[in-house]
>>> print(open('protein_34.cif').read())   # mmCIF, C-alpha atoms and all ligand atoms; chains and numbers go by the auth columns
data_target
#
loop_
_atom_site.group_PDB
_atom_site.id
_atom_site.type_symbol
_atom_site.label_atom_id
_atom_site.label_comp_id
_atom_site.label_asym_id
_atom_site.label_seq_id
_atom_site.Cartn_x
_atom_site.Cartn_y
_atom_site.Cartn_z
_atom_site.B_iso_or_equiv
_atom_site.auth_seq_id
_atom_site.auth_asym_id
ATOM 1 C CA MET A 1 19.110 13.015 -48.492 0.00 1 S
ATOM 2 C CA HIS A 2 15.666 12.704 -46.997 0.00 2 S
ATOM 3 C CA HIS A 3 15.372 12.087 -43.274 0.00 3 S
ATOM 4 C CA PRO A 4 12.089 10.899 -41.823 0.00 4 S
ATOM 5 C CA ASP A 5 10.699 13.093 -39.035 0.00 5 S
ATOM 6 C CA PRO A 6 11.912 11.921 -35.634 0.00 6 S
ATOM 7 C CA PRO A 7 9.163 10.458 -33.481 0.00 7 S
ATOM 8 C CA ASN A 8 7.510 13.008 -31.229 0.00 8 S
ATOM 9 C CA PRO A 9 9.216 12.533 -27.853 0.00 9 S
ATOM 10 C CA LEU A 10 6.279 13.995 -25.903 0.00 10 S
ATOM 11 C CA PRO A 11 3.391 11.640 -25.214 0.00 11 S
ATOM 12 C CA SER A 12 -0.009 12.952 -26.212 0.00 12 S
ATOM 13 C CA PRO A 13 -2.133 14.169 -23.274 0.00 13 S
ATOM 14 C CA ALA A 14 -4.343 11.097 -23.568 0.00 14 S
ATOM 15 C CA SER A 15 -1.457 8.666 -23.184 0.00 15 S
ATOM 16 C CA ARG A 16 0.186 10.564 -20.349 0.00 16 S
ATOM 17 C CA THR A 17 0.056 8.514 -17.163 0.00 17 S
ATOM 18 C CA ASN A 18 -2.410 9.600 -14.562 0.00 18 S
ATOM 19 C CA LEU A 19 -0.623 9.428 -11.250 0.00 19 S
ATOM 20 C CA THR A 20 -3.761 9.646 -9.109 0.00 20 S
ATOM 21 C CA ALA A 21 -5.126 6.506 -10.807 0.00 21 S
ATOM 22 C CA THR A 22 -1.914 4.659 -9.923 0.00 22 S
ATOM 23 C CA LEU A 23 -2.009 6.053 -6.385 0.00 23 S
ATOM 24 C CA ARG A 24 -5.575 4.882 -5.978 0.00 24 S
ATOM 25 C CA GLN A 25 -4.604 1.341 -6.970 0.00 25 S
ATOM 26 C CA ALA A 26 -1.494 1.328 -4.803 0.00 26 S
ATOM 27 C CA THR A 27 -3.387 2.484 -1.693 0.00 27 S
ATOM 28 C CA ALA A 28 -6.678 0.609 -2.290 0.00 28 S
ATOM 29 C CA GLU A 29 -5.879 -2.149 0.201 0.00 29 S
ATOM 30 C CA THR A 30 -4.949 0.253 2.996 0.00 30 S
ATOM 31 C CA HIS A 31 -8.044 2.315 2.209 0.00 31 S
ATOM 32 C CA ALA A 32 -10.216 -0.786 2.550 0.00 32 S
ATOM 33 C CA THR A 33 -8.714 -1.608 5.963 0.00 33 S
ATOM 34 C CA VAL A 34 -9.291 1.987 7.144 0.00 34 S
ATOM 35 C CA GLU A 35 -12.955 1.734 6.122 0.00 35 S
ATOM 36 C CA GLN A 36 -13.277 -1.367 8.325 0.00 36 S
ATOM 37 C CA LEU A 37 -12.062 0.324 11.523 0.00 37 S
ATOM 38 C CA PRO A 38 -14.771 0.407 14.226 0.00 38 S
ATOM 39 C CA ILE A 39 -14.807 4.218 14.298 0.00 39 S
ATOM 40 C CA MET A 40 -15.403 4.314 10.519 0.00 40 S
ATOM 41 C CA LEU A 41 -18.016 1.552 10.596 0.00 41 S
ATOM 42 C CA ARG A 42 -19.939 3.541 13.230 0.00 42 S
ATOM 43 C CA LEU A 43 -19.838 6.630 11.067 0.00 43 S
ATOM 44 C CA THR A 44 -21.123 4.869 7.969 0.00 44 S
ATOM 45 C CA SER A 45 -23.749 2.800 9.800 0.00 45 S
ATOM 46 C CA SER A 46 -27.441 3.599 9.330 0.00 46 S
ATOM 47 C CA SER A 47 -27.758 3.949 13.123 0.00 47 S
ATOM 48 C CA VAL A 48 -25.000 6.575 13.445 0.00 48 S
ATOM 49 C CA THR A 49 -25.633 9.103 16.228 0.00 49 S
ATOM 50 C CA ARG A 50 -24.499 12.654 16.782 0.00 50 S
ATOM 51 C CA ASP A 51 -22.220 11.370 19.557 0.00 51 S
ATOM 52 C CA ASP A 52 -20.524 9.045 17.032 0.00 52 S
ATOM 53 C CA TYR A 53 -19.978 12.051 14.775 0.00 53 S
ATOM 54 C CA ARG A 54 -18.542 14.074 17.672 0.00 54 S
ATOM 55 C CA ARG A 55 -16.189 11.267 18.665 0.00 55 S
ATOM 56 C CA TYR A 56 -15.090 11.000 15.047 0.00 56 S
ATOM 57 C CA LEU A 57 -14.341 14.743 14.910 0.00 57 S
ATOM 58 C CA GLN A 58 -12.349 14.534 18.175 0.00 58 S
ATOM 59 C CA THR A 59 -10.275 11.615 16.860 0.00 59 S
ATOM 60 C CA LEU A 60 -9.658 13.215 13.484 0.00 60 S
ATOM 61 C CA ALA A 61 -8.711 16.556 15.065 0.00 61 S
ATOM 62 C CA ILE A 62 -5.985 14.820 17.097 0.00 62 S
ATOM 63 C CA LEU A 63 -4.844 12.904 14.013 0.00 63 S
ATOM 64 C CA TYR A 64 -4.748 15.962 11.731 0.00 64 S
ATOM 65 C CA ALA A 65 -3.030 18.088 14.377 0.00 65 S
ATOM 66 C CA ARG A 66 -0.222 15.528 14.279 0.00 66 S
ATOM 67 C CA VAL A 67 0.091 14.565 10.660 0.00 67 S
ATOM 68 C CA GLU A 68 -1.105 17.485 8.570 0.00 68 S
ATOM 69 C CA ALA A 69 1.194 20.435 9.286 0.00 69 S
ATOM 70 C CA PRO A 70 4.444 18.591 8.475 0.00 70 S
ATOM 71 C CA PHE A 71 3.159 17.783 4.973 0.00 71 S
ATOM 72 C CA TYR A 72 2.281 21.407 4.280 0.00 72 S
ATOM 73 C CA ASN A 73 5.232 23.022 6.013 0.00 73 S
ATOM 74 C CA GLY A 74 7.792 20.893 4.214 0.00 74 S
ATOM 75 C CA LEU A 75 6.683 22.031 0.752 0.00 75 S
ATOM 76 C CA ASP A 76 7.632 25.069 -1.318 0.00 76 S
ATOM 77 C CA ASP A 77 4.888 27.675 -1.629 0.00 77 S
ATOM 78 C CA ALA A 78 5.026 27.256 -5.416 0.00 78 S
ATOM 79 C CA VAL A 79 4.267 23.504 -5.263 0.00 79 S
ATOM 80 C CA ARG A 80 1.520 24.025 -2.671 0.00 80 S
ATOM 81 C CA GLU A 81 0.025 26.751 -4.818 0.00 81 S
ATOM 82 C CA ARG A 82 -0.014 24.549 -7.919 0.00 82 S
ATOM 83 C CA LEU A 83 -1.685 21.713 -6.044 0.00 83 S
ATOM 84 C CA GLY A 84 -4.284 24.143 -4.677 0.00 84 S
ATOM 85 C CA VAL A 85 -4.374 22.480 -1.246 0.00 85 S
ATOM 86 C CA ARG A 86 -5.335 23.983 2.122 0.00 86 S
ATOM 87 C CA PRO A 87 -5.010 22.495 5.635 0.00 87 S
ATOM 88 C CA LYS A 88 -8.172 20.852 6.965 0.00 88 S
ATOM 89 C CA LEU A 89 -7.565 21.154 10.734 0.00 89 S
ATOM 90 C CA PRO A 90 -9.245 24.603 10.957 0.00 90 S
ATOM 91 C CA ALA A 91 -12.429 23.096 9.457 0.00 91 S
ATOM 92 C CA LEU A 92 -12.305 20.213 11.952 0.00 92 S
ATOM 93 C CA LEU A 93 -12.009 22.631 14.862 0.00 93 S
ATOM 94 C CA ARG A 94 -14.913 24.719 13.512 0.00 94 S
ATOM 95 C CA ASP A 95 -17.106 21.602 13.279 0.00 95 S
ATOM 96 C CA LEU A 96 -16.203 20.602 16.837 0.00 96 S
ATOM 97 C CA GLU A 97 -17.048 24.051 18.114 0.00 97 S
ATOM 98 C CA GLU A 98 -20.355 23.932 16.269 0.00 98 S
ATOM 99 C CA GLN A 99 -21.105 20.619 18.021 0.00 99 S
ATOM 100 C CA GLY A 100 -20.410 22.311 21.358 0.00 100 S
ATOM 101 C CA ASP A 101 -17.188 20.364 21.914 0.00 101 S
ATOM 102 C CA PRO A 102 -13.968 22.064 22.959 0.00 102 S
ATOM 103 C CA ALA A 103 -10.841 21.294 20.920 0.00 103 S
ATOM 104 C CA PRO A 104 -9.280 18.105 22.351 0.00 104 S
ATOM 105 C CA THR A 105 -6.382 18.940 24.670 0.00 105 S
ATOM 106 C CA ALA A 106 -4.324 16.166 23.067 0.00 106 S
ATOM 107 C CA ILE A 107 -3.871 18.298 19.950 0.00 107 S
ATOM 108 C CA VAL A 108 -1.357 20.487 21.779 0.00 108 S
ATOM 109 C CA GLU A 109 0.433 17.616 23.510 0.00 109 S
ATOM 110 C CA PRO A 110 3.657 16.244 22.001 0.00 110 S
ATOM 111 C CA ASP A 111 3.219 13.352 19.596 0.00 111 S
ATOM 112 C CA PRO A 112 3.783 10.093 21.527 0.00 112 S
ATOM 113 C CA GLN A 113 4.574 8.198 18.320 0.00 113 S
ATOM 114 C CA THR A 114 7.686 8.531 16.252 0.00 114 S
ATOM 115 C CA PRO A 115 6.620 10.738 13.364 0.00 115 S
ATOM 116 C CA ASN A 116 8.216 8.330 10.872 0.00 116 S
ATOM 117 C CA VAL A 117 6.499 9.781 7.820 0.00 117 S
ATOM 118 C CA ILE A 118 7.834 13.172 8.613 0.00 118 S
ATOM 119 C CA LYS A 119 11.436 12.063 8.481 0.00 119 S
ATOM 120 C CA THR A 120 11.412 11.066 4.806 0.00 120 S
ATOM 121 C CA ARG A 121 10.784 14.620 3.744 0.00 121 S
ATOM 122 C CA SER A 122 11.443 14.670 0.013 0.00 122 S
ATOM 123 C CA THR A 123 9.014 16.839 -1.956 0.00 123 S
ATOM 124 C CA SER A 124 7.683 13.693 -3.646 0.00 124 S
ATOM 125 C CA ALA A 125 7.054 11.883 -0.355 0.00 125 S
ATOM 126 C CA LEU A 126 5.338 14.948 1.127 0.00 126 S
ATOM 127 C CA VAL A 127 3.073 15.252 -1.909 0.00 127 S
ATOM 128 C CA GLY A 128 2.253 11.541 -1.528 0.00 128 S
ATOM 129 C CA GLY A 129 1.041 12.362 1.989 0.00 129 S
ATOM 130 C CA LEU A 130 -1.024 15.262 0.683 0.00 130 S
ATOM 131 C CA TYR A 131 -2.628 12.911 -1.846 0.00 131 S
ATOM 132 C CA VAL A 132 -3.969 10.868 1.091 0.00 132 S
ATOM 133 C CA LEU A 133 -5.312 13.915 2.934 0.00 133 S
ATOM 134 C CA GLU A 134 -6.748 15.495 -0.210 0.00 134 S
ATOM 135 C CA GLY A 135 -8.246 12.243 -1.536 0.00 135 S
ATOM 136 C CA ALA A 136 -10.027 11.799 1.779 0.00 136 S
ATOM 137 C CA THR A 137 -12.256 14.776 0.851 0.00 137 S
ATOM 138 C CA LEU A 138 -13.787 12.633 -1.939 0.00 138 S
ATOM 139 C CA GLY A 139 -15.021 9.954 0.438 0.00 139 S
ATOM 140 C CA GLY A 140 -15.745 12.683 3.002 0.00 140 S
ATOM 141 C CA ARG A 141 -18.401 14.205 0.778 0.00 141 S
ATOM 142 C CA THR A 142 -20.122 10.821 0.440 0.00 142 S
ATOM 143 C CA ILE A 143 -20.008 10.317 4.215 0.00 143 S
ATOM 144 C CA ALA A 144 -21.360 13.845 4.790 0.00 144 S
ATOM 145 C CA ARG A 145 -24.354 13.041 2.553 0.00 145 S
ATOM 146 C CA HIS A 146 -25.025 9.869 4.526 0.00 146 S
ATOM 147 C CA LEU A 147 -24.796 11.761 7.849 0.00 147 S
ATOM 148 C CA ARG A 148 -27.097 14.496 6.533 0.00 148 S
ATOM 149 C CA ARG A 149 -29.705 11.837 5.714 0.00 149 S
ATOM 150 C CA VAL A 150 -29.493 10.249 9.180 0.00 150 S
ATOM 151 C CA LEU A 151 -28.759 13.228 11.458 0.00 151 S
ATOM 152 C CA GLY A 152 -30.459 16.035 9.539 0.00 152 S
ATOM 153 C CA ASP A 153 -29.676 19.504 10.854 0.00 153 S
ATOM 154 C CA GLY A 154 -27.818 17.983 13.831 0.00 154 S
ATOM 155 C CA LEU A 155 -24.909 17.441 11.471 0.00 155 S
ATOM 156 C CA GLY A 156 -24.252 21.173 11.161 0.00 156 S
ATOM 157 C CA ALA A 157 -21.977 22.484 8.422 0.00 157 S
ATOM 158 C CA ALA A 158 -19.729 19.384 8.135 0.00 158 S
ATOM 159 C CA SER A 159 -17.056 21.743 6.854 0.00 159 S
ATOM 160 C CA PHE A 160 -14.348 19.105 7.317 0.00 160 S
ATOM 161 C CA LEU A 161 -16.100 16.100 5.750 0.00 161 S
ATOM 162 C CA ASP A 162 -17.606 18.191 2.956 0.00 162 S
ATOM 163 C CA PHE A 163 -14.465 20.299 2.709 0.00 163 S
ATOM 164 C CA HIS A 164 -14.772 21.345 -0.945 0.00 164 S
ATOM 165 C CA GLY A 165 -18.578 21.078 -1.158 0.00 165 S
ATOM 166 C CA GLU A 166 -19.805 21.684 -4.707 0.00 166 S
ATOM 167 C CA GLN A 167 -16.206 22.246 -5.764 0.00 167 S
ATOM 168 C CA THR A 168 -15.131 18.698 -4.839 0.00 168 S
ATOM 169 C CA SER A 169 -14.577 17.379 -8.340 0.00 169 S
ATOM 170 C CA ALA A 170 -13.069 20.669 -9.596 0.00 170 S
ATOM 171 C CA ALA A 171 -10.590 20.683 -6.686 0.00 171 S
ATOM 172 C CA TRP A 172 -9.720 17.038 -7.332 0.00 172 S
ATOM 173 C CA LYS A 173 -9.165 17.670 -11.069 0.00 173 S
ATOM 174 C CA ARG A 174 -6.858 20.542 -10.250 0.00 174 S
ATOM 175 C CA PHE A 175 -4.894 18.488 -7.722 0.00 175 S
ATOM 176 C CA SER A 176 -4.675 15.471 -9.974 0.00 176 S
ATOM 177 C CA GLY A 177 -3.687 17.574 -13.014 0.00 177 S
ATOM 178 C CA ALA A 178 -1.003 19.363 -10.991 0.00 178 S
ATOM 179 C CA LEU A 179 0.432 16.001 -9.867 0.00 179 S
ATOM 180 C CA ASP A 180 0.818 14.934 -13.496 0.00 180 S
ATOM 181 C CA GLU A 181 2.388 18.256 -14.515 0.00 181 S
ATOM 182 C CA LEU A 182 4.824 18.174 -11.596 0.00 182 S
ATOM 183 C CA CYS A 183 5.839 14.659 -12.660 0.00 183 S
ATOM 184 C CA ALA A 184 6.205 15.730 -16.294 0.00 184 S
ATOM 185 C CA ASP A 185 8.473 18.656 -15.397 0.00 185 S
ATOM 186 C CA GLY A 186 10.595 16.474 -13.099 0.00 186 S
ATOM 187 C CA THR A 187 9.616 18.179 -9.804 0.00 187 S
ATOM 188 C CA LEU A 188 8.089 14.899 -8.600 0.00 188 S
ATOM 189 C CA LEU A 189 9.252 11.320 -8.980 0.00 189 S
ATOM 190 C CA PRO A 190 6.149 9.125 -9.354 0.00 190 S
ATOM 191 C CA GLU A 191 7.670 6.152 -7.524 0.00 191 S
ATOM 192 C CA ALA A 192 8.612 8.343 -4.570 0.00 192 S
ATOM 193 C CA VAL A 193 5.130 9.931 -4.468 0.00 193 S
ATOM 194 C CA ILE A 194 3.587 6.430 -4.362 0.00 194 S
ATOM 195 C CA ALA A 195 5.987 5.273 -1.635 0.00 195 S
ATOM 196 C CA GLY A 196 5.252 8.451 0.373 0.00 196 S
ATOM 197 C CA ALA A 197 1.494 7.954 0.007 0.00 197 S
ATOM 198 C CA LEU A 198 1.722 4.369 1.226 0.00 198 S
ATOM 199 C CA VAL A 199 3.805 5.269 4.270 0.00 199 S
ATOM 200 C CA ALA A 200 1.441 8.151 5.102 0.00 200 S
ATOM 201 C CA PHE A 201 -1.713 6.040 4.654 0.00 201 S
ATOM 202 C CA GLN A 202 -0.337 3.219 6.808 0.00 202 S
ATOM 203 C CA ASP A 203 0.720 5.713 9.466 0.00 203 S
ATOM 204 C CA ILE A 204 -2.793 7.194 9.468 0.00 204 S
ATOM 205 C CA TYR A 205 -4.310 3.709 9.655 0.00 205 S
ATOM 206 C CA ARG A 206 -2.126 2.832 12.653 0.00 206 S
ATOM 207 C CA ARG A 207 -3.043 6.028 14.472 0.00 207 S
ATOM 208 C CA LEU A 208 -6.766 5.570 13.791 0.00 208 S
ATOM 209 C CA GLU A 209 -6.574 1.953 14.899 0.00 209 S
ATOM 210 C CA GLN A 210 -4.954 2.977 18.199 0.00 210 S
ATOM 211 C CA ALA A 211 -7.474 5.762 18.675 0.00 211 S
ATOM 212 C CA SER A 212 -10.294 3.234 18.103 0.00 212 S
ATOM 213 C CA LYS A 213 -9.149 1.073 21.020 0.00 213 S
ATOM 214 C CA PRO A 214 -11.379 1.439 24.054 0.00 214 S
HETATM 215 C C1 LIG B . -15.498 5.428 6.605 0.00 301 S
HETATM 216 C C2 LIG B . -14.380 5.809 6.074 0.00 301 S
HETATM 217 C C3 LIG B . -14.185 6.090 4.609 0.00 301 S
HETATM 218 C C4 LIG B . -15.028 5.850 3.563 0.00 301 S
HETATM 219 C C5 LIG B . -16.410 5.222 3.564 0.00 301 S
HETATM 220 C C6 LIG B . -14.356 6.328 2.384 0.00 301 S
HETATM 221 C C7 LIG B . -14.887 6.309 1.119 0.00 301 S
HETATM 222 C C8 LIG B . -14.274 6.765 -0.012 0.00 301 S
HETATM 223 C C9 LIG B . -14.866 6.810 -1.326 0.00 301 S
HETATM 224 C C10 LIG B . -16.310 6.390 -1.647 0.00 301 S
HETATM 225 C C11 LIG B . -13.948 7.307 -2.168 0.00 301 S
HETATM 226 C C12 LIG B . -14.083 7.504 -3.671 0.00 301 S
HETATM 227 C C13 LIG B . -14.756 8.817 -3.949 0.00 301 S
HETATM 228 C C14 LIG B . -14.813 9.151 -5.420 0.00 301 S
HETATM 229 O O1 LIG B . -14.176 8.492 -6.247 0.00 301 S
HETATM 230 O O2 LIG B . -15.498 10.126 -5.720 0.00 301 S
HETATM 231 C C15 LIG B . -12.755 7.588 -1.401 0.00 301 S
HETATM 232 C C16 LIG B . -11.598 8.087 -1.909 0.00 301 S
HETATM 233 C C17 LIG B . -10.452 8.296 -1.167 0.00 301 S
HETATM 234 N N1 LIG B . -10.327 8.196 0.201 0.00 301 S
HETATM 235 FE FE1 LIG B . -11.707 7.476 1.435 0.00 301 S
HETATM 236 N N2 LIG B . -13.140 6.836 2.724 0.00 301 S
HETATM 237 C C18 LIG B . -12.995 6.709 4.079 0.00 301 S
HETATM 238 C C19 LIG B . -11.935 7.100 4.856 0.00 301 S
HETATM 239 C C20 LIG B . -10.754 7.614 4.353 0.00 301 S
HETATM 240 C C21 LIG B . -9.644 8.063 5.167 0.00 301 S
HETATM 241 C C22 LIG B . -9.604 8.096 6.698 0.00 301 S
HETATM 242 C C23 LIG B . -8.676 8.453 4.304 0.00 301 S
HETATM 243 C C24 LIG B . -7.313 9.018 4.602 0.00 301 S
HETATM 244 C C25 LIG B . -7.074 9.891 5.573 0.00 301 S
HETATM 245 C C26 LIG B . -9.186 8.261 2.959 0.00 301 S
HETATM 246 C C27 LIG B . -8.502 8.532 1.800 0.00 301 S
HETATM 247 C C28 LIG B . -9.027 8.472 0.538 0.00 301 S
HETATM 248 C C29 LIG B . -8.273 8.759 -0.668 0.00 301 S
HETATM 249 C C30 LIG B . -6.791 9.103 -0.752 0.00 301 S
HETATM 250 C C31 LIG B . -9.172 8.673 -1.732 0.00 301 S
HETATM 251 C C32 LIG B . -8.899 9.006 -3.185 0.00 301 S
HETATM 252 C C33 LIG B . -8.702 7.820 -4.057 0.00 301 S
HETATM 253 C C34 LIG B . -8.433 8.289 -5.487 0.00 301 S
HETATM 254 O O3 LIG B . -9.396 8.480 -6.229 0.00 301 S
HETATM 255 O O4 LIG B . -7.277 8.497 -5.823 0.00 301 S
HETATM 256 N N3 LIG B . -10.453 7.755 3.029 0.00 301 S
HETATM 257 N N4 LIG B . -12.991 7.251 -0.081 0.00 301 S
#
>>> encode(input="protein_34.cif", output="structure tokens", more="lines below")
Ligand code: HEM
Amino acid sequence: MHHPDPPNPLPSPASRTNLTATLRQATAETHATVEQLPIMLRLTSSSVTRDDYRRYLQTLAILYARVEAPFYNGLDDAVRERLGVRPKLPALLRDLEEQGDPAPTAIVEPDPQTPNVIKTRSTSALVGGLYVLEGATLGGRTIARHLRRVLGDGLGAASFLDFHGEQTSAAWKRFSGALDELCADGTLLPEAVIAGALVAFQDIYRRLEQASKP
């Protein structure tokens, strides 16, 4: 008896879902509110000054000192390696030093806020948080270009904002491809990555909003 071939259970690469596209949609609203924070509006304004840039670096150094390490430390080396991600705090501290600013003392003080993101701790949720920090390098490169136009050499290396430099899109392709592979092999649960990204983005928004208050 003739049996027809069973349908191919594996989707073709083209029809495979792209998790970063879904993440972008899911976090678009929070991203838009972050862009409207006074500290961000200063940075993207055509009258931005070097002092605005320095204040931004100070604020982001405190933020990253609090939120970044837990996302990295909670992950297996193998997952981190596949995503190709590196912490950004060292670059922030280098940029501050270049601007003649000491590292803010608050980065060694205990976190006054409940680190709610940090308690969820599944691999998927942690990777959702890394999506937010890694995705920020895309907009960072655009902001660095704007600052270069306005501030010229006063901007310095901008090694945090332009973290991947010429490699920005290559690094993003690698990260985004790894997310899809880790979903396909069952290491990550897409829904949990999305939930983790939302919690992380909202936490970052809240911290930036508080830091923006006079
Ligand atoms: C003034 C503030 C900001 C501006 C103007 C801005 C701008 C942008 C732009 C233009 C992109 C798209 C880049 C591209 O597709 O090549 C982007 C992507 C992104 N930004 Fe921002 N950004 C800002 C702040 C932030 C902050 C503070 C975070 C989080 C810490 C963040 C997280 C992200 C993420 C996760 C993406 C990737 C979206 C995706 O393609 O999946 N952004 N941003």
>>> closest_atom_pairs(input="protein_34.cif", of="chain S", to="ligand LIG 301 (chain S)", cutoff="8 Å", atoms="all atoms listed in the file", output="Markdown table")
| residue | atom | partner | partner_atom | distance |
| --- | --- | --- | --- | --- |
| S:Thr20 | CA | S:LIG301 | O4 | 4.9 |
| S:Ala21 | CA | S:LIG301 | O4 | 5.8 |
| S:Thr22 | CA | S:LIG301 | O4 | 7.8 |
| S:Leu23 | CA | S:LIG301 | O4 | 5.8 |
| S:Arg24 | CA | S:LIG301 | O4 | 4.0 |
| S:Gln25 | CA | S:LIG301 | O4 | 7.7 |
| S:Thr27 | CA | S:LIG301 | C30 | 7.5 |
| S:Ala28 | CA | S:LIG301 | C33 | 7.7 |
| S:His31 | CA | S:LIG301 | N3 | 6.0 |
| S:Val34 | CA | S:LIG301 | C22 | 6.1 |
| S:Glu35 | CA | S:LIG301 | C2 | 4.3 |
| S:Gln36 | CA | S:LIG301 | C1 | 7.4 |
| S:Leu37 | CA | S:LIG301 | C1 | 7.9 |
| S:Ile39 | CA | S:LIG301 | C1 | 7.8 |
| S:Met40 | CA | S:LIG301 | C1 | 4.1 |
| S:Leu41 | CA | S:LIG301 | C1 | 6.1 |
| S:Leu43 | CA | S:LIG301 | C1 | 6.3 |
| S:Thr44 | CA | S:LIG301 | C1 | 5.8 |
| S:Tyr131 | CA | S:LIG301 | C30 | 5.7 |
| S:Val132 | CA | S:LIG301 | C30 | 3.8 |
| S:Leu133 | CA | S:LIG301 | C25 | 5.1 |
| S:Glu134 | CA | S:LIG301 | C30 | 6.4 |
| S:Gly135 | CA | S:LIG301 | C30 | 3.5 |
| S:Ala136 | CA | S:LIG301 | C27 | 3.6 |
| S:Thr137 | CA | S:LIG301 | N1 | 6.9 |
| S:Leu138 | CA | S:LIG301 | C13 | 4.4 |
| S:Gly139 | CA | S:LIG301 | C8 | 3.3 |
| S:Gly140 | CA | S:LIG301 | N2 | 6.4 |
| S:Thr142 | CA | S:LIG301 | C10 | 6.2 |
| S:Ile143 | CA | S:LIG301 | C5 | 6.3 |
| S:Ser169 | CA | S:LIG301 | O2 | 7.8 |
| S:Phe201 | CA | S:LIG301 | C24 | 6.3 |
| S:Ile204 | CA | S:LIG301 | C25 | 6.4 |
| S:Tyr205 | CA | S:LIG301 | C22 | 7.5 |
>>> write_last_selection(input="protein_34.cif", atoms="C-alpha atoms", output="mmCIF file, in the coordinates of the input")
data_model
loop_
_atom_site.group_PDB
_atom_site.id
_atom_site.type_symbol
_atom_site.label_atom_id
_atom_site.label_comp_id
_atom_site.auth_asym_id
_atom_site.auth_seq_id
_atom_site.Cartn_x
_atom_site.Cartn_y
_atom_site.Cartn_z
ATOM 1 C CA THR S 20 -3.761 9.646 -9.109
ATOM 2 C CA ALA S 21 -5.126 6.506 -10.807
ATOM 3 C CA THR S 22 -1.914 4.659 -9.923
ATOM 4 C CA LEU S 23 -2.009 6.053 -6.385
ATOM 5 C CA ARG S 24 -5.575 4.882 -5.978
ATOM 6 C CA GLN S 25 -4.604 1.341 -6.970
ATOM 7 C CA THR S 27 -3.387 2.484 -1.693
ATOM 8 C CA ALA S 28 -6.678 0.609 -2.290
ATOM 9 C CA HIS S 31 -8.044 2.315 2.209
ATOM 10 C CA VAL S 34 -9.291 1.987 7.144
ATOM 11 C CA GLU S 35 -12.955 1.734 6.122
ATOM 12 C CA GLN S 36 -13.277 -1.367 8.325
ATOM 13 C CA LEU S 37 -12.062 0.324 11.523
ATOM 14 C CA ILE S 39 -14.807 4.218 14.298
ATOM 15 C CA MET S 40 -15.403 4.314 10.519
ATOM 16 C CA LEU S 41 -18.016 1.552 10.596
ATOM 17 C CA LEU S 43 -19.838 6.630 11.067
ATOM 18 C CA THR S 44 -21.123 4.869 7.969
ATOM 19 C CA TYR S 131 -2.628 12.911 -1.846
ATOM 20 C CA VAL S 132 -3.969 10.868 1.091
ATOM 21 C CA LEU S 133 -5.312 13.915 2.934
ATOM 22 C CA GLU S 134 -6.748 15.495 -0.210
ATOM 23 C CA GLY S 135 -8.246 12.243 -1.536
ATOM 24 C CA ALA S 136 -10.027 11.799 1.779
ATOM 25 C CA THR S 137 -12.256 14.776 0.851
ATOM 26 C CA LEU S 138 -13.787 12.633 -1.939
ATOM 27 C CA GLY S 139 -15.021 9.954 0.438
ATOM 28 C CA GLY S 140 -15.745 12.683 3.002
ATOM 29 C CA THR S 142 -20.122 10.821 0.440
ATOM 30 C CA ILE S 143 -20.008 10.317 4.215
ATOM 31 C CA SER S 169 -14.577 17.379 -8.340
ATOM 32 C CA PHE S 201 -1.713 6.040 4.654
ATOM 33 C CA ILE S 204 -2.793 7.194 9.468
ATOM 34 C CA TYR S 205 -4.310 3.709 9.655
#
>>> atom_distance(input="protein_34.cif", atom1="atom CA of Ala125 of chain S", atom2="atom CA of Ala106 of chain S")
26.4 Å
>>> resolve_selection(input="protein_34.cif", expression="the PyMOL selection byres (((chain S and resi 99) around 10) and not hetatm)", output="PyMOL selection string")
chain S and resi 50-51+53-54+57+93-98+100-102+154-157
>>> closest_residue(input="protein_34.cif", among="S:Arg141, S:Ala69, S:Tyr64, S:Pro214", to="His164 of chain S", atoms="all atoms listed in the file")
S:Arg141
>>> closest_residue(input="protein_34.cif", among="S:Leu19, S:Tyr72, S:Leu60, S:Gln202", to="Ala32 of chain S", atoms="only C-alpha atoms")
S:Gln202
>>> closest_residue(input="protein_34.cif", among="S:Val85, S:Leu63, S:Asn18, S:Ser47", to="Arg174 of chain S", atoms="only C-alpha atoms")
S:Val85
>>> atom_distance(input="protein_34.cif", atom1="atom CA of Gly177 of chain S", atom2="atom CA of Ala144 of chain S")
25.4 Å
>>> residues_around(input="protein_34.cif", residues="Leu126 of chain S", least_positions_apart="3", cutoff="8 Å", atoms="only C-alpha atoms", output="list in words")
Phe71, Tyr72, Gly74, Leu75, Arg121, Ser122, Thr123, Gly129, Leu130, Val193 and Gly196 of chain S
>>> closest_residue(input="protein_34.cif", among="S:Leu208, S:Ala197, S:Val127, S:Val150", to="Leu182 of chain S", atoms="all atoms listed in the file")
S:Val127
